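Undergrad: Pasting data.cif here (mmCIF, C-alpha atoms):
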```cif
data_query
loop_
_atom_site.label_atom_id
_atom_site.label_comp_id
_atom_site.auth_asym_id
_atom_site.auth_seq_id
_atom_site.Cartn_x
_atom_site.Cartn_y
_atom_site.Cartn_z
CA MET E 226 -117.88 -32.57 -36.73
CA ASN E 227 -119.66 -32.43 -33.35
CA THR E 228 -120.70 -36.07 -33.76
CA ILE E 229 -117.09 -37.07 -34.39
CA ARG E 230 -115.91 -35.15 -31.35
CA LEU E 231 -118.58 -36.69 -29.13
CA ALA E 232 -117.70 -40.16 -30.37
CA ALA E 233 -114.01 -39.53 -29.69
CA LEU E 234 -114.79 -38.23 -26.21
CA ALA E 235 -116.95 -41.26 -25.46
CA ALA E 236 -114.22 -43.58 -26.64
CA ALA E 237 -111.62 -41.79 -24.51
CA THR E 238 -113.88 -41.96 -21.46
CA ALA E 239 -114.51 -45.66 -21.99
CA LEU E 240 -110.78 -46.28 -22.38
CA THR E 241 -110.03 -44.38 -19.17
CA THR E 242 -112.68 -46.34 -17.26
CA TRP E 243 -111.42 -49.65 -18.69
CA THR E 244 -107.81 -48.77 -17.88
CA ALA E 245 -108.71 -47.84 -14.26
CA ALA E 246 -110.63 -51.08 -13.85
CA GLN E 247 -107.73 -53.05 -15.26
CA ALA E 248 -105.27 -51.32 -12.93
CA ALA E 249 -107.23 -52.16 -9.78
CA GLU E 250 -106.22 -55.41 -8.12
CA VAL E 251 -109.09 -55.26 -5.65
CA GLU E 252 -112.58 -53.79 -6.05
CA LEU E 253 -114.41 -53.32 -2.76
CA ARG E 254 -118.15 -52.69 -2.46
CA LEU E 255 -119.07 -50.16 0.25
CA SER E 256 -122.69 -49.80 1.28
CA HIS E 257 -124.43 -47.18 3.41
CA TRP E 258 -127.97 -45.99 3.98
CA VAL E 259 -128.05 -42.17 3.67
CA PRO E 260 -128.53 -40.21 0.42
CA ALA E 261 -125.49 -39.85 -1.83
CA THR E 262 -125.61 -36.09 -1.21
CA HIS E 263 -125.38 -36.47 2.58
CA PRO E 264 -122.12 -35.18 4.14
CA ILE E 265 -121.49 -38.67 5.48
CA GLN E 266 -120.68 -39.61 1.90
CA THR E 267 -119.36 -36.36 0.46
CA LEU E 268 -117.23 -35.29 3.46
CA GLY E 269 -116.44 -38.68 5.04
CA ILE E 270 -116.70 -41.74 2.85
CA GLU E 271 -115.55 -40.24 -0.46
CA PRO E 272 -112.35 -38.58 0.87
CA TRP E 273 -111.52 -41.74 2.83
CA ALA E 274 -112.05 -43.99 -0.19
CA LYS E 275 -110.06 -41.65 -2.43
CA SER E 276 -107.18 -41.67 0.05
CA ILE E 277 -107.17 -45.47 0.03
CA GLU E 278 -107.10 -45.56 -3.76
CA GLU E 279 -104.27 -43.04 -3.88
CA ALA E 280 -102.26 -44.74 -1.12
CA SER E 281 -102.57 -48.07 -2.95
CA GLU E 282 -101.51 -46.42 -6.22
CA GLY E 283 -104.77 -47.53 -7.78
CA ARG E 284 -104.56 -51.15 -6.69
CA ILE E 285 -107.68 -50.80 -4.48
CA LYS E 286 -110.88 -49.38 -5.93
CA ILE E 287 -113.91 -48.70 -3.71
CA THR E 288 -117.37 -48.54 -5.25
CA ILE E 289 -119.95 -46.77 -3.07
CA PHE E 290 -123.60 -47.87 -2.93
CA PRO E 291 -125.64 -45.23 -1.03
CA ALA E 292 -129.26 -44.95 0.09
CA GLN E 293 -129.94 -48.59 1.06
CA GLN E 294 -129.38 -49.78 -2.51
CA LEU E 295 -127.96 -53.12 -1.34
CA GLY E 296 -129.89 -53.53 1.91
CA ALA E 297 -131.89 -51.82 4.64
CA ALA E 298 -130.11 -49.69 7.23
CA PRO E 299 -130.56 -52.15 10.15
CA ASP E 300 -129.10 -54.98 8.04
CA HIS E 301 -125.71 -53.42 7.39
CA TYR E 302 -123.81 -55.26 10.13
CA ASP E 303 -124.94 -58.62 8.81
CA MET E 304 -124.21 -57.50 5.24
CA ALA E 305 -120.56 -57.04 6.20
CA ARG E 306 -120.48 -60.25 8.21
CA ASP E 307 -122.01 -62.33 5.43
CA GLY E 308 -119.98 -60.86 2.58
CA ILE E 309 -122.92 -59.24 0.81
CA VAL E 310 -120.64 -56.20 0.81
CA ASP E 311 -116.96 -55.78 1.57
CA LEU E 312 -117.41 -52.61 3.62
CA SER E 313 -120.51 -51.42 5.42
CA TYR E 314 -121.32 -48.19 7.22
CA THR E 315 -123.26 -49.55 10.18
CA ASN E 316 -125.31 -48.10 13.03
CA PRO E 317 -125.16 -50.80 15.74
CA GLY E 318 -127.87 -48.96 17.69
CA TYR E 319 -130.45 -50.01 15.09
CA GLN E 320 -130.39 -53.52 16.61
CA ALA E 321 -131.49 -53.32 20.23
CA GLY E 322 -129.49 -55.37 22.72
CA ARG E 323 -127.14 -56.93 20.19
CA PHE E 324 -124.03 -54.92 21.13
CA PRO E 325 -124.44 -54.00 24.80
CA LEU E 326 -120.82 -52.96 25.40
CA TYR E 327 -120.81 -50.61 22.41
CA SER E 328 -124.06 -49.03 23.58
CA LEU E 329 -122.23 -47.09 26.30
CA VAL E 330 -121.40 -44.41 23.73
CA GLU E 331 -125.12 -43.85 23.17
CA ILE E 332 -125.85 -42.79 26.75
CA PRO E 333 -126.51 -39.02 26.91
CA PHE E 334 -124.15 -36.46 28.46
CA HIS E 335 -120.81 -38.08 27.70
CA MET E 336 -119.33 -36.85 24.41
CA ASN E 337 -119.24 -33.13 23.61
CA ASN E 338 -117.32 -33.10 20.32
CA ALA E 339 -117.64 -35.52 17.42
CA GLN E 340 -114.21 -35.17 15.85
CA ARG E 341 -112.20 -35.52 19.07
CA GLY E 342 -114.80 -37.93 20.42
CA ALA E 343 -114.33 -40.19 17.39
CA VAL E 344 -110.64 -40.57 18.24
CA ALA E 345 -111.48 -41.37 21.87
CA MET E 346 -114.23 -43.79 20.92
CA HIS E 347 -111.97 -45.62 18.46
CA GLU E 348 -109.23 -46.04 21.06
CA TRP E 349 -111.74 -47.30 23.62
CA TYR E 350 -113.82 -49.59 21.43
CA ALA E 351 -111.30 -51.14 19.02
CA PRO E 352 -110.07 -53.72 21.60
CA ILE E 353 -113.68 -54.47 22.67
CA ALA E 354 -114.79 -54.95 19.06
CA LYS E 355 -112.42 -57.91 18.74
CA THR E 356 -114.82 -59.89 20.91
CA GLU E 357 -118.18 -58.10 20.67
CA MET E 358 -117.94 -57.82 16.87
CA SER E 359 -115.58 -60.72 16.25
CA ASP E 360 -117.22 -61.75 12.98
CA VAL E 361 -116.27 -58.49 11.22
CA PHE E 362 -113.18 -56.30 11.00
CA PHE E 363 -113.61 -53.02 12.89
CA CYS E 364 -112.19 -50.07 10.98
CA LEU E 365 -113.58 -46.66 11.98
CA ALA E 366 -115.83 -44.88 14.48
CA ASN E 367 -117.99 -42.00 13.25
CA PRO E 368 -120.19 -40.18 15.79
CA HIS E 369 -122.25 -37.22 14.67
CA ASP E 370 -122.17 -33.77 16.23
CA PRO E 371 -124.17 -33.98 19.48
CA GLY E 372 -127.86 -33.97 18.66
CA THR E 373 -131.04 -32.99 20.47
CA ILE E 374 -134.85 -33.21 20.42
CA HIS E 375 -136.85 -31.67 17.57
CA SER E 376 -140.63 -31.72 17.91
CA LYS E 377 -144.02 -30.58 16.68
CA ALA E 378 -144.82 -28.97 20.05
CA PRO E 379 -142.49 -27.48 22.69
CA ILE E 380 -140.40 -29.88 24.77
CA LYS E 381 -138.46 -28.21 27.58
CA LEU E 382 -138.27 -30.72 30.44
CA PRO E 383 -138.07 -34.52 30.76
CA GLY E 384 -141.70 -34.58 31.90
CA ASP E 385 -142.80 -33.16 28.56
CA ILE E 386 -141.95 -36.48 26.88
CA LYS E 387 -144.74 -38.32 28.71
CA GLY E 388 -147.44 -39.45 26.32
CA LEU E 389 -145.51 -38.56 23.16
CA ASN E 390 -144.39 -40.81 20.32
CA VAL E 391 -140.71 -40.16 19.71
CA ARG E 392 -138.43 -41.47 16.96
CA PRO E 393 -135.22 -42.29 18.89
CA ALA E 394 -131.75 -42.32 17.37
CA HIS E 395 -130.95 -45.79 18.66
CA ALA E 396 -131.90 -48.46 21.19
CA THR E 397 -130.43 -46.60 24.16
CA MET E 398 -132.39 -43.46 23.34
CA ALA E 399 -135.50 -45.61 22.92
CA ARG E 400 -134.98 -46.91 26.45
CA PHE E 401 -134.57 -43.36 27.71
CA ILE E 402 -137.79 -42.24 26.00
CA SER E 403 -139.62 -45.17 27.59
CA THR E 404 -138.38 -44.29 31.10
CA LEU E 405 -139.80 -40.79 30.59
CA GLY E 406 -143.24 -42.13 29.69
CA GLY E 407 -142.94 -41.75 25.94
CA ALA E 408 -143.38 -44.37 23.25
CA PRO E 409 -140.41 -45.02 20.93
CA VAL E 410 -141.15 -45.19 17.21
CA GLN E 411 -138.11 -47.01 15.90
CA VAL E 412 -137.49 -46.35 12.22
CA PRO E 413 -134.16 -45.76 10.43
CA ALA E 414 -133.18 -42.21 9.57
CA PRO E 415 -134.31 -42.41 5.91
CA GLU E 416 -137.85 -43.23 7.09
CA ALA E 417 -138.05 -40.67 9.90
CA ARG E 418 -139.69 -37.85 7.95
CA GLU E 419 -142.53 -40.06 6.81
CA ALA E 420 -143.17 -41.22 10.37
CA ILE E 421 -143.48 -37.62 11.59
CA ALA E 422 -145.44 -36.37 8.56
CA LYS E 423 -148.00 -39.16 8.96
CA GLY E 424 -148.41 -38.50 12.68
CA ALA E 425 -146.76 -41.72 13.84
CA ALA E 426 -144.19 -39.64 15.75
CA ASP E 427 -144.46 -36.31 17.56
CA ALA E 428 -140.73 -35.71 17.98
CA ILE E 429 -137.33 -37.00 16.93
CA THR E 430 -133.81 -37.14 18.35
CA PHE E 431 -131.51 -36.03 15.52
CA PRO E 432 -128.45 -33.91 14.85
CA TRP E 433 -129.18 -30.38 13.66
CA ASN E 434 -128.51 -30.26 9.94
CA SER E 435 -129.84 -33.72 9.16
CA ILE E 436 -133.23 -32.27 10.08
CA ASN E 437 -132.81 -30.14 6.96
CA ILE E 438 -131.17 -32.82 4.82
CA PHE E 439 -133.98 -35.31 5.38
CA GLY E 440 -136.70 -32.64 4.98
CA ILE E 441 -137.87 -32.93 8.58
CA ASP E 442 -137.58 -29.15 9.12
CA SER E 443 -141.03 -28.77 7.56
CA GLU E 444 -142.51 -31.02 10.25
CA THR E 445 -140.64 -30.05 13.44
CA LYS E 446 -140.65 -26.39 14.41
CA TYR E 447 -139.52 -26.66 18.07
CA HIS E 448 -135.95 -27.51 19.04
CA LEU E 449 -134.32 -28.07 22.43
CA ASP E 450 -130.99 -26.22 22.35
CA MET E 451 -129.12 -28.80 24.39
CA PRO E 452 -126.51 -31.12 22.82
CA PHE E 453 -127.05 -34.16 24.94
CA TYR E 454 -126.52 -37.36 22.94
CA ILE E 455 -124.64 -38.85 20.01
CA SER E 456 -125.28 -41.69 17.62
CA ALA E 457 -122.10 -43.34 16.41
CA GLN E 458 -121.73 -45.28 13.20
CA LEU E 459 -118.95 -47.75 12.43
CA MET E 460 -117.13 -48.66 9.23
CA LEU E 461 -116.86 -52.44 9.22
CA MET E 462 -115.21 -54.84 6.77
CA ASN E 463 -115.93 -58.43 5.87
CA LYS E 464 -113.20 -60.56 7.43
CA ASP E 465 -112.70 -62.71 4.33
CA SER E 466 -112.36 -59.60 2.17
CA TYR E 467 -109.75 -58.28 4.56
CA ALA E 468 -107.87 -61.59 4.75
CA ALA E 469 -107.82 -61.91 0.96
CA LEU E 470 -105.83 -58.69 0.57
CA SER E 471 -102.14 -58.87 -0.21
CA GLU E 472 -99.84 -57.79 2.60
CA GLU E 473 -99.18 -54.54 0.75
CA ASN E 474 -102.88 -53.77 0.27
CA ARG E 475 -103.76 -54.84 3.79
CA LYS E 476 -101.31 -52.27 5.13
CA VAL E 477 -103.13 -49.56 3.16
CA ILE E 478 -106.42 -50.56 4.80
CA ASP E 479 -104.80 -50.77 8.24
CA ASP E 480 -103.36 -47.28 7.77
CA HIS E 481 -106.91 -46.01 7.07
CA CYS E 482 -108.48 -47.78 10.06
CA THR E 483 -106.87 -45.79 12.87
CA PRO E 484 -108.08 -43.44 15.63
CA GLU E 485 -106.63 -40.54 13.63
CA TRP E 486 -108.66 -41.52 10.59
CA SER E 487 -111.80 -41.82 12.73
CA GLY E 488 -111.22 -38.18 13.67
CA LYS E 489 -110.62 -37.05 10.09
CA PHE E 490 -113.56 -39.08 8.81
CA SER E 491 -115.87 -37.46 11.38
CA GLN E 492 -114.78 -33.83 11.03
CA GLY E 493 -116.70 -32.79 7.93
CA TRP E 494 -120.00 -34.30 9.00
CA ALA E 495 -119.68 -32.83 12.50
CA GLU E 496 -119.13 -29.32 11.14
CA ASN E 497 -121.97 -29.72 8.68
CA GLU E 498 -124.39 -30.86 11.39
CA ALA E 499 -123.42 -27.98 13.67
CA SER E 500 -124.29 -25.53 10.89
CA GLY E 501 -127.91 -26.66 10.88
CA ARG E 502 -128.80 -24.78 14.04
CA GLN E 503 -127.97 -21.41 12.51
CA LYS E 504 -129.77 -22.36 9.29
CA MET E 505 -132.98 -22.82 11.28
CA ILE E 506 -132.52 -19.47 12.98
CA ASP E 507 -131.92 -17.77 9.64
CA ALA E 508 -134.86 -19.54 7.97
CA GLY E 509 -137.35 -18.31 10.59
CA GLY E 510 -140.44 -20.15 11.74
CA HIS E 511 -138.48 -22.25 14.24
CA THR E 512 -138.45 -21.91 18.03
CA ILE E 513 -135.13 -22.83 19.63
CA TYR E 514 -135.35 -23.16 23.41
CA ALA E 515 -132.19 -22.91 25.53
CA PRO E 516 -132.79 -24.66 28.87
CA THR E 517 -131.48 -23.18 32.09
CA ALA E 518 -128.69 -24.86 34.06
CA GLU E 519 -131.31 -26.26 36.43
CA GLU E 520 -133.32 -27.69 33.55
CA VAL E 521 -130.22 -29.27 32.01
CA GLN E 522 -129.55 -30.91 35.38
CA GLN E 523 -133.06 -32.38 35.31
CA TRP E 524 -132.26 -34.00 31.96
CA ARG E 525 -128.94 -35.29 33.29
CA ASP E 526 -130.59 -36.75 36.38
CA ALA E 527 -133.21 -38.44 34.22
CA ALA E 528 -130.51 -40.05 32.06
CA ALA E 529 -128.26 -41.18 34.93
CA PRO E 530 -130.01 -44.56 35.50
CA LEU E 531 -128.98 -45.57 31.98
CA ILE E 532 -125.40 -45.89 33.24
CA ASP E 533 -126.42 -48.36 35.95
CA THR E 534 -128.41 -50.37 33.43
CA TRP E 535 -125.45 -50.44 31.06
CA LYS E 536 -123.16 -51.67 33.83
CA GLU E 537 -125.54 -54.48 34.68
CA GLU E 538 -125.66 -55.61 31.06
CA ALA E 539 -121.88 -55.32 30.69
CA LYS E 540 -121.35 -57.45 33.79
CA ALA E 541 -123.75 -60.02 32.38
CA LYS E 542 -121.38 -60.29 29.41
CA GLY E 543 -118.46 -60.93 31.74
CA ALA E 544 -116.96 -57.46 31.45
CA ASP E 545 -115.43 -55.43 34.26
CA ALA E 546 -118.09 -52.75 33.85
CA ASP E 547 -116.63 -50.21 36.26
CA LYS E 548 -113.21 -50.36 34.62
CA MET E 549 -114.67 -50.30 31.10
CA TYR E 550 -116.76 -47.25 31.98
CA GLN E 551 -113.78 -45.47 33.51
CA ASP E 552 -111.66 -46.33 30.47
CA TYR E 553 -114.24 -44.61 28.27
CA LEU E 554 -114.28 -41.51 30.46
CA ASP E 555 -110.46 -41.47 30.45
CA ALA E 556 -110.39 -41.66 26.64
CA LEU E 557 -112.85 -38.77 26.36
CA ASN E 558 -110.85 -36.71 28.86
CA ARG E 559 -107.58 -37.53 27.09
CA HIS E 560 -108.94 -36.05 23.87
CA ASP E 561 -110.86 -33.16 25.47
CA ALA E 562 -114.16 -34.64 24.32
CA LYS E 563 -115.98 -35.21 27.62
CA PHE E 564 -119.28 -33.43 28.17
#
```
Any chance you could give the structure as structure tokens?
TA:
Amino acid sequence: MNTIRLAALAAATALTTWTAAQAAEVELRLSHWVPATHPIQTLGIEPWAKSIEEASEGRIKITIFPAQQLGAAPDHYDMARDGIVDLSYTNPGYQAGRFPLYSLVEIPFHMNNAQRGAVAMHEWYAPIAKTEMSDVFFCLANPHDPGTIHSKAPIKLPGDIKGLNVRPAHATMARFISTLGGAPVQVPAPEAREAIAKGAADAITFPWNSINIFGIDSETKYHLDMPFYISAQLMLMNKDSYAALSEENRKVIDDHCTPEWSGKFSQGWAENEASGRQKMIDAGGHTIYAPTAEEVQQWRDAAAPLIDTWKEEAKAKGADADKMYQDYLDALNRHDAKF
């Protein structure tokens, strides 16, 4: 009897799967590079994809490929451009110098809140993406909760970076580490723990709870309690995949590629990352150092030249750098997301 029941259940499951596949007009492949259990997927990508499927009444089905299954983390922009995937979750900062206008968001001491900051960043960058990322369709912005420095030995002041190997979050942070006399060790997030465990890196810039998620908490016991930078990821779509959609299905995608959706997409991950700080306190064995106002100012002063460098690079691309910078500050202020 149990065998008959199991066979019937298997048949029903197969029929349901076949029926769903038949109902979908479009099947989109979405690739990202973090574990399937990471809140980026469970609290961001999955609810977003489900909303698209529901809004399209099942016409659009999104299949998620996590953990670099279809390509390495730094390759995800080109994967969307070349049609290897239909949708890619991309960190532009993994490719130094390729997207100089976008890199403004990576400069420390600008964004203080990921959810509201995502809305501001989307509003600011969407028009710029039409030229800087013209070979893909820009959909969403997804910054993480402001991160900090986690290290094997105490780091309190900018001068403490000198002589250290540091895994930076992106190219802009790598430049910052270099100006402080450190050596950047540039590896994607999934490879960061190994770099620290093997002694290739002494410290890492990371959001709080991802330290736990990637198992880096066993390697870094000192944490600077100063939210001073963000790394922002983008959801990008292959332009041919977008163009091939019917008008009805394209509207569903457009309705899910808005500043409001950038905010909703970012909320769960931001809250999850923020929780990591208290987890370290509760776990014990971690030293969390809160810098004084004077020490924070030293960090801000050390980071200030990055703005001038960004403006020079933006001008070299023909942009009105001063206006573009002010537009970003205005967007952050408009959404109460400025540091």
Undergrad: Taking into account all atoms listed in the file, which residue in the set E:Leu365, E:Ala249, E:Ala457, E:Ala261 is nearest to Ile478 of chain E?
TA: E:Leu365
Undergrad: What do you get, as a compact mmCIF listing (two decimals) with C-alpha atoms, in the frame of the given file, if you spell out every residue that the PyMOL selection byres ((chain E and resi 563) around 10) selects here?
TA:
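Contents of selection.txt, as written:
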```txt
# COMPACT_ATOMS: atom_id res chain seq x y z
CA PHE E 334 -124.15 -36.46 28.46
CA HIS E 335 -120.81 -38.08 27.70
CA MET E 336 -119.33 -36.85 24.41
CA ASN E 337 -119.24 -33.13 23.61
CA ASN E 338 -117.32 -33.10 20.32
CA ARG E 341 -112.20 -35.52 19.07
CA GLY E 342 -114.80 -37.93 20.42
CA ALA E 345 -111.48 -41.37 21.87
CA TYR E 553 -114.24 -44.61 28.27
CA LEU E 554 -114.28 -41.51 30.46
CA ASP E 555 -110.46 -41.47 30.45
CA ALA E 556 -110.39 -41.66 26.64
CA LEU E 557 -112.85 -38.77 26.36
CA ASN E 558 -110.85 -36.71 28.86
CA ARG E 559 -107.58 -37.53 27.09
CA HIS E 560 -108.94 -36.05 23.87
CA ASP E 561 -110.86 -33.16 25.47
CA ALA E 562 -114.16 -34.64 24.32
CA PHE E 564 -119.28 -33.43 28.17
```
Undergrad: Given the file shown, determine the residues that the PyMOL selection byres ((chain E and resi 464) around 6) selects; report them as a list of chain:residue names.
TA: E:Val361, E:Phe362, E:Asn463, E:Asp465, E:Ser466, E:Tyr467
Undergrad: For a test of reading the model, state the distance in Å between atom CA of Pro317 of chain E and atom CA of Ser456 of chain E, rounded to one decimal.
TA: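 A separation of 9.3 Å between them.
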Undergrad: For the atom pair atom CA of Asn474 of chain E and atom CA of Gln340 of chain E, what is the interatomic distance in Å to one decimal place?
TA: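 These two atoms are separated by 26.8 Å.
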Undergrad: Report as JSON, numbers by chain the residues that result from applying the PyMOL selection byres ((chain E and resi 278-282) around 10) to the structure here.
TA: {"E": [248, 249, 250, 272, 273, 274, 275, 276, 277, 283, 284, 285, 286, 287, 473, 474, 475, 476, 477, 478, 480, 481]}
Undergrad: Taking C-alpha atoms for each residue, export the selection above as a compact mmCIF listing (two decimals), in the frame of the given file.
TA:
```txt
# COMPACT_ATOMS: atom_id res chain seq x y z
CA ALA E 248 -105.27 -51.32 -12.93
CA ALA E 249 -107.23 -52.16 -9.78
CA GLU E 250 -106.22 -55.41 -8.12
CA PRO E 272 -112.35 -38.58 0.87
CA TRP E 273 -111.52 -41.74 2.83
CA ALA E 274 -112.05 -43.99 -0.19
CA LYS E 275 -110.06 -41.65 -2.43
CA SER E 276 -107.18 -41.67 0.05
CA ILE E 277 -107.17 -45.47 0.03
CA GLY E 283 -104.77 -47.53 -7.78
CA ARG E 284 -104.56 -51.15 -6.69
CA ILE E 285 -107.68 -50.80 -4.48
CA LYS E 286 -110.88 -49.38 -5.93
CA ILE E 287 -113.91 -48.70 -3.71
CA GLU E 473 -99.18 -54.54 0.75
CA ASN E 474 -102.88 -53.77 0.27
CA ARG E 475 -103.76 -54.84 3.79
CA LYS E 476 -101.31 -52.27 5.13
CA VAL E 477 -103.13 -49.56 3.16
CA ILE E 478 -106.42 -50.56 4.80
CA ASP E 480 -103.36 -47.28 7.77
CA HIS E 481 -106.91 -46.01 7.07
```
Undergrad: Between atom CA of Ala343 of chain E and atom CA of Gln523 of chain E, what distance in Å does the model show, to one decimal?
TA: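 Atom CA of Gln523 of chain E lies at a distance of 27.1 Å from atom CA of Ala343 of chain E.
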Undergrad: Could you list, as a list in words, every residue within 9 Å of Ala499 of chain E, counting all atoms listed in the file and ignoring same-chain residues fewer than 6 positions away?
TA: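 Near neighbours after the sequence-gap exclusion: Asp370, Pro371, Gly372, Pro432, Trp433 and Asn434 of chain E.
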Undergrad: Using only C-alpha atoms, what does the table of segment 353-383 of chain E residues within 9 Å of segment 482-494 of chain E look like, with each row giving the shortest atom pair and its distance in Å to one decimal, sorted by chain and ascending number, as CSV?
TA:
```
residue,atom,partner,partner_atom,distance
E:Phe363,CA,E:Cys482,CA,7.9
E:Cys364,CA,E:Cys482,CA,4.5
E:Leu365,CA,E:Ser487,CA,5.2
E:Ala366,CA,E:Ser487,CA,5.4
E:Asn367,CA,E:Ser491,CA,5.3
E:Pro368,CA,E:Ser491,CA,6.7
E:His369,CA,E:Trp494,CA,6.8
E:Asp370,CA,E:Trp494,CA,7.6
```
Undergrad: Quick one: residues within 8 Å of Leu389 of chain E, all atoms listed in the file, excluding same-chain residues fewer than 2 positions away - as a PyMOL selection string?
TA: chain E and resi 386-387+391+406-408+426-428
Undergrad: So, with all atoms listed in the file as the atoms that count, which of E:Glu444, E:Thr288, E:Arg392, E:His347 lies closest to Val251 of chain E?
TA: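 Closest to Val251 of chain E, using all atoms listed in the file: E:Thr288.
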Undergrad: Looking at all atoms listed in the file, which of E:Gly424, E:Pro530, E:Gly543, E:Gly308 is the one that sits closest to Leu405 of chain E?
TA: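 Going through E:Gly424, E:Pro530, E:Gly543, E:Gly308 one by one, the smallest distance to Leu405 of chain E is for E:Pro530.
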Undergrad: So that I can check the surroundings of Ile513 of chain E, please list as an NGL selection string every protein, DNA and RNA residue that reaches within 8 Å of it, counting only C-alpha atoms and ignoring chain neighbours fewer than 2 positions away.
TA: :E and (447-450 or 506 or 511 or 515)
Undergrad: Can you sort out the box for segment 523-527 of chain E, edges along x, y and z, all listed atoms in, 3 Å on every side, with centre and edge lengths in Å to one decimal, as AutoDock Vina command-line options?
TA:
```
--center_x -131.1 --center_y -35.4 --center_z 34.2 --size_x 10.3 --size_y 12.1 --size_z 10.4
```
Undergrad: For Val410 of chain E, work out the shell of residues within 12 Å, counting all atoms listed in the file and skipping chain neighbours fewer than 3 positions away, then give it as a PyMOL selection string.
TA: chain E and resi 319+389-396+398-400+402-403+407+413-414+416-421+424-430
Undergrad: Closest to Pro264 of chain E among E:Glu496, E:Val310, E:Phe324, E:Pro383, using only C-alpha atoms?
TA: E:Glu496
Undergrad: What residues have an atom no more than 6 Å from (-116.5, -45.5, 5.5) in the file's own frame, counting all atoms listed in the file, and can you write them as a list in words?
TA: Ile270, Tyr314 and Met460 of chain E
Undergrad: Pull C-alpha atoms from the residues just selected and write them as a compact mmCIF listing (two decimals), keeping the file's coordinate frame.
TA:
```
# COMPACT_ATOMS: atom_id res chain seq x y z
CA ILE E 270 -116.70 -41.74 2.85
CA TYR E 314 -121.32 -48.19 7.22
CA MET E 460 -117.13 -48.66 9.23
```
Undergrad: With distances taken over only C-alpha atoms, which residue among E:Gln458, E:Ser328, E:Asn316, E:Ser256 lies nearest Ala539 of chain E?
TA: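 Of E:Gln458, E:Ser328, E:Asn316, E:Ser256, the one nearest Ala539 of chain E, counting only C-alpha atoms, is E:Ser328.
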Undergrad: Using all atoms listed in the file, can you tell me which of E:Pro333, E:Thr512, E:Asp533, E:Tyr327 comes closest to Ile353 of chain E?
TA: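 The shortest atom-to-atom distance to Ile353 of chain E comes from E:Tyr327.
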